[in-house]
Every structure is written in C-alpha cells, then in structure tokens.
Amino acid sequence: MSRSAHPAGPRHADVLTEGHYSAPPTDLNALDAKVWSRTVTRTPEGVVRMGGIEVTRLAEEFGTPAYFVDEADFRARCRAWRDAFGREADVFYAGKAFLSRAVVRWLHEEGLNLDVCSGGELTTALDAGMPAERIAFHGNNKTEDEIHRAIEAGVGRIVLDSFQEIVRVSHIAERLGRRQRVQIRVTVGVEAHTHEFIATAHEDQKFGIALAGGQAAEAVRRALTLDGIELIGIHSHIGSQIFDMAGFEVSARRVVQLLAEVRDEHGVELPEIDLGGGLGIAYTPEDDPREPHEIARALGEIVTRECEAAGLRTPRISVEPGRAIVGPTAFTLYEVGTIKPLEGLRTYVSVDGGMSDNIRTALYDAEYTVALVSRSSDAEPMLVRVVGKHCESGDIVVRDAFLPADLAPGDLIAVPATGAYCRSMASNYNHALRPPVVAVEGGAARVIVRRETEEDLLRLDVG
C-alpha cells in the first residue's frame with residue numbers, strides 16, 4: 001500500500017502481520033526533523049526540549065496530557081506559505097485545523113487570511129482582531145443566523161455550497177442592504193488518494209455542487225441573476241492529507257473548463273479560483289510532503305497552462321492550508337501509566353490521555369510516531385501500541401511503533417505532528433478534561449487555551 005495517504009479501509013485491531021510495520025529505527029533517541037517541529041532538540045542529557053524548554057519542566061508546570069505548540073515554527077510556516085504564493089495569490093489558513101485567539105493574532109501579524117466554517121470560528125476570528133474582509137466563510141449547511149452575522153460583519157467571501165444557499169445568502173444580503181462577494185464550491189469528480197472520510201471531491205458526498213450533469217453551470221446561472229450576491233469565482237477542494245499533485249491538476253483543469261463555459265455563455269470571466277487545501281504533512285518518517293514553494297509553483301503552472309489553452313485570463317488563485325501550517329508545529333505530551341507486555345505480540349503502553357485528545361487514529365486509522373522524551377535510552381527497541389485510558393478497545397493513540405524496552409511508568413512520551421485536528425476534535429468522552437494548548441517560544445511558555453476543569457463540566461450540567 002502506498003504511504004502517500006491514509007488507507008481507505010479499516011484495519012480494526014487485528015494483529016499486524018510480520019513486516020507490516022516498519023523496522024525499528026537504528027537510533028530510538030533520534031528526532032526526525034520532518035516529523036518534529038523546528039525548535040525541538042534533545043539535550044546532551046537526553047531530555048527533549050521545545051523552544052529551549054525541557055519537557056520535564058513543561059510537564060511540571062502545565063501537566064499532562066497537554067499540547068505544546070512551537071510558536072516560532074508556526075510563524076515561520078505562515079511566512080513560507082505567504083512568500084511562496086506572493087502578492088498575486090491569497091493564502092487562507094483553514095481554521096478548522098486548530099483555532100484560538102492567539103492563533104488568529106499570529107495569522108494576522110504574518111499576513112495570512114483565515115477561513116472559518118461555523119459561527120464559533122467566526123466569533124473567535126473577529127474577537128481576536130482578524131479584519132472581516134480577510135475572512136472566508138465555509139460550510140455545507142450554514143444557518144441563517146451564521147450567514148446574517150457573516151454578512152453584517154463584512155466577511156470577504158462566502159463559499160456557497162448548495163442551490164438553497166445561493167438564494168438564502170442573496171436574500172439575507174439584500175435585507176441588510178449589502179452585496180456579498182461569493183464563490184461557488186463545486187465537486188469536480190476527482191478521487192483523491194486519501195481516507196474516504198476526508199476525500200471531498202468525488203460526487204457521492206455532502207460538499208459542493210457537482211460539475212456532472214451541468215449542476216455547477218446551473219448554479220452559476222442562478223447566482224449571476226441575484227442582486228444580493230457578487231459571484232467572484234469557483235471553489236474546489238479535493239480532500240485532505242494528499243501528497244500527489246495529480247488530483248489538483250485534474251481539479252484545476254475541470255474548474256478552468258467551467259470558467260470557459262461561463263465566459264462563453266454569459267460573457268463573464270470570473271476573476272478568482274480557490275483550489276482548497278488538503279496538502280499532506282509528515283506524520284511518520286516515511287511520509288514525504290512537498291514544500292510550500294513547490295506547491296505554489298506546481299499550482300501556478302497548472303492554472304496558467306489550462307487558462308492559456310482555454311483563452312482565459314489567469315484568475316487569482318487562493319489556497320487553504322491548515323494542517324500543513326499547524327500540524328507539524330505541535331506535539332502532545334503524555335505520562336506513561338501502565339505497561340502490559342503480550343508475549344509474542346506487542347507491548348501495550350497506556351498513557352494519561354487517549355482518544356479524547358486524539359480521535360484521528362480511531363477515526364481514520366491515522367498513523368503517528370512516538371518517542372521517549374524525558375530521557376534517552378540505549379535499551380533494545382520493543383514494538384508497542386500506545387493506548388489511552390478510555391473504556392474502548394479502539395482507544396489507540398499510536399497503533400504500532402518502537403520504544404525502548406526499559407520504558408517505565410512515569411516516563412514522558414510525546415507524539416509529534418498533533419497540531420491539526422487533535423484539539424479541534426477533542427471530546428469529553430468518559431468526562432475527560434480536554435488538555436491545554438501551550439505556546440512555547442524563545443525560552444518562554446504560556447497557556448493559550450487552558451485545561452478544562454471538573455467545574456467546567458458541572459457548569460454545563462444544569463440538571
């Protein structure tokens with residue numbers, strides 16, 4: 001099976017066959033730069049540190065489990081995407097990956113735009129000072145209240161996802177005396193090589209309006225007749241955790257074909273296309289993600305070539321990296337609780353978190369790596385499954401990895417590349433308390449999202 005995307009089918013909890021997992025690394029103390037954030041290093045004494053602070057100190061001050069975000073790395077990745085696409089394109093950070101007021105301020109300061117897909121994300125963005133005109137509003141079923149709030153705030157674009165929404169947005173904008181800039185999200189029929197739950201451009205799924213059967217063309221016709229909206233472009237998103245650019249090439253070609261049809265039928269050249277996000281990151285050393293400048297060059301060449309062939313002016317391109325920015329910048333720190341060897345199989349290592357702070361392994365069969373970070377070890381490698389403390393056999397954090405055989409209760413282990421979706425999708429299953437998010441930079445650490453308390457749980461329980 002290709003390592004370029006997550007498998008599309010469940011593996012359940014079957015014992016892995018010999019050779020399914022990778023061979024143990026030659027050095028269990030090594031930290032692969034592709035997987036860990038840029039300021040993560042190991043001290044001569046063997047303790048891992050981020051931003052100059054040792055994990056033992058971070059655990060003592062903030063507890064475990066906890067997410068630690070490398071602020072310098074986050075900002076550097078923002079700049080890399082902004083610089084790669086330049087002033088002739090727009091980069092929208094996908095807030096669903098992880099959003100907080102601190103993150104919004106970082107984005108604003110580094111010159112990125114932001115896309116949101118709920119009223120809560122919109123409120124967070126506005127409260128933290130993101131200019132409304134730099135916000136895009138997504139979602140397949142926006143409520144009237146959310147649309148009203150977005151238009152009233154003056155968001156730069158709303159991405160329309162259905163025929164009903166075309167009319168709904170127009171009518172609300174007219175009531176407010178506005179003309180709202182919009183894009184139409186189309187599904188282009190591309191089967192992205194990723195897990196079925198995060199592939200979003202094939203026709204049998206909930207997002208967008210299909211190109212097939214002329215539906216997208218009909219959506220454009222309707223949008224161009226309404227006074228409350230200004231159609232500025234077409235939006236396409238083919239999925240998530242994708243490394244292969246071939247899907248983007250097919251998507252761009254089909255979007256440009258639609259732009260040519262719009263020109264031929266209506267005499268209008270739409271000025272923008274948004275090719276979405278979904279670019280993959282390295283969760284394991286075997287993953288090989290592309291750099292922002294490579295992505296920018298490839299997408300620019302694809303769109304320019306297709307537009308020249310169709311006799312169109314090249315539209316302004318937008319992209320929406322979320323995971324690709326925040327994913328690699330964080331790790332989740334756990335304390336080892338129990339260690340359970342199963343003779344001839346593997347060793348189960350239980351930590352003080354689990355599926356409540358990282359549901360992706362259970363949901364997508366997502367793959368991660370893990371390291372002992374509170375000390376170094378010269379012990380032999382042992383095959384482990386890192387599991388949580390929840391009452392589910394599927395409560396798996398790292399399905400199969402190698403840790404030192406002298407691992408002991410009380411050791412600290414860390415799972416890298418957990419900046420995207422882990423805190424966003426965290427839950428209170430078993431009434432677990434969602435962990436804090438701590439920003440680390442230049443020898444200082446501060447909480448940007450605090451740890452939940454039992455008082456928080458009881459405050460919502462009004463019974």
# chains A, B, ... in the order shown; residues from 1 in each chain; ligands from 1

$ closest_atom_pairs --of "range 201-294 of chain A" --to "range 302-307 of chain A" --cutoff "7 Å" --atoms "only C-alpha atoms" --output "Markdown table"
| residue | atom | partner | partner_atom | distance |
| --- | --- | --- | --- | --- |
| A:Glu249 | CA | A:Ile302 | CA | 6.1 |
| A:Ala252 | CA | A:Val303 | CA | 6.2 |
| A:Arg253 | CA | A:Glu306 | CA | 6.0 |
| A:Val256 | CA | A:Cys307 | CA | 6.4 |

$ write_last_selection --atoms "C-alpha atoms" --output "short mmCIF file (atom, residue, chain, number, x, y, z; two decimals), in the first residue's frame"
data_model
loop_
_atom_site.label_atom_id
_atom_site.label_comp_id
_atom_site.auth_asym_id
_atom_site.auth_seq_id
_atom_site.Cartn_x
_atom_site.Cartn_y
_atom_site.Cartn_z
CA GLU A 249 -4.12 19.05 -11.87
CA ALA A 252 -7.80 22.73 -11.91
CA ARG A 253 -8.44 21.59 -15.47
CA VAL A 256 -10.96 26.16 -15.75
#

$ residues_around --residues "Ala445 in chain A" --least-positions-apart "4" --cutoff "10 Å" --atoms "only C-alpha atoms" --output "PyMOL selection string"
chain A and resi 50-53+58+61-62+68-71+438-441

$ residues_around --residues "Asn430 in chain A" --least-positions-apart "4" --cutoff "12 Å" --atoms "only C-alpha atoms" --output "PyMOL selection string"
chain A and resi 353-357+388-392+395+434+457

$ write_last_selection --atoms "N, CA and C atoms" --output "CSV table (one decimal), in the first residue's frame"
chain,number,residue,atom,x,y,z
A,353,GLY,N,-3.9,10.1,28.5
A,353,GLY,CA,-4.8,10.7,27.6
A,353,GLY,C,-5.5,9.7,26.8
A,354,GLY,N,-5.6,9.9,25.4
A,354,GLY,CA,-6.2,8.9,24.6
A,354,GLY,C,-7.1,9.5,23.5
A,355,MET,N,-8.2,8.8,23.1
A,355,MET,CA,-9.0,9.2,22.0
A,355,MET,C,-9.7,10.5,22.3
A,356,SER,N,-9.8,10.9,23.6
A,356,SER,CA,-10.4,12.2,23.8
A,356,SER,C,-9.5,13.4,23.4
A,357,ASP,N,-8.2,13.2,23.3
A,357,ASP,CA,-7.4,14.2,22.8
A,357,ASP,C,-6.8,14.0,21.5
A,388,GLY,N,-4.9,4.8,25.2
A,388,GLY,CA,-5.4,5.7,26.2
A,388,GLY,C,-6.1,5.0,27.4
A,389,LYS,N,-6.8,5.8,28.2
A,389,LYS,CA,-7.4,5.3,29.4
A,389,LYS,C,-8.9,5.2,29.3
A,390,HIS,N,-9.4,5.3,28.1
A,390,HIS,CA,-10.9,5.3,27.9
A,390,HIS,C,-11.4,3.9,27.8
A,391,CYS,N,-12.7,3.7,28.0
A,391,CYS,CA,-13.3,2.4,28.0
A,391,CYS,C,-13.7,2.0,26.6
A,392,GLU,N,-12.7,1.9,25.7
A,392,GLU,CA,-12.9,1.5,24.4
A,392,GLU,C,-11.7,0.7,23.9
A,395,ASP,N,-9.4,2.7,21.6
A,395,ASP,CA,-8.8,3.9,22.2
A,395,ASP,C,-7.3,3.8,22.0
A,434,ARG,N,-10.5,18.2,28.6
A,434,ARG,CA,-9.7,18.5,27.4
A,434,ARG,C,-8.4,19.2,27.8
A,457,LEU,N,-17.1,21.1,33.5
A,457,LEU,CA,-18.1,20.1,33.2
A,457,LEU,C,-19.4,20.3,34.0

$ closest_residue --among "A:Val415, A:Ala219, A:Ile238, A:Ala324" --to "Val370 in chain A" --atoms "only C-alpha atoms"
A:Val415

$ atom_distance --atom1 "CA of Thr369 in chain A" --atom2 "CA of Gly443 in chain A"
25.5 Å

$ select_by_dssp --residues "range 136-348 of chain A" --states "strand (DSSP E or B)" --output "PyMOL selection string"
chain A and resi 136-137+157-160+180-187+199+209-210+229-235+239+242+272-274+279+316-319+330-342+346-348

$ residues_around --residues "Val336 in chain A" --least-positions-apart "2" --cutoff "6 Å" --atoms "only C-alpha atoms" --output "PyMOL selection string"
chain A and resi 351+409-411

$ write_last_selection --atoms "N, CA and C atoms" --output "tab-separated table (two decimals), in the first residue's frame"
chain	number	residue	atom	x	y	z
A	351	VAL	N	-1.31	5.59	28.44
A	351	VAL	CA	-0.95	6.95	28.83
A	351	VAL	C	-2.17	7.65	29.44
A	409	PRO	N	6.68	3.21	33.99
A	409	PRO	CA	5.65	4.15	34.43
A	409	PRO	C	6.29	5.43	34.96
A	410	GLY	N	5.68	6.56	34.59
A	410	GLY	CA	6.23	7.86	34.98
A	410	GLY	C	7.09	8.50	33.92
A	411	ASP	N	7.55	7.72	32.93
A	411	ASP	CA	8.28	8.31	31.80
A	411	ASP	C	7.34	9.22	31.01

$ closest_residue --among "A:Ser251, A:Gln180, A:Thr329, A:Ser22" --to "Ala76 in chain A" --atoms "only C-alpha atoms"
A:Thr329

$ select_by_dssp --residues "range 32-264 of chain A" --states "helix (DSSP H, G or I)" --output "MDAnalysis selection string"
chainID A and resid 55:62 71:85 101:110 119:127 132:134 144:153 163:175 196:198 212:224 246:264
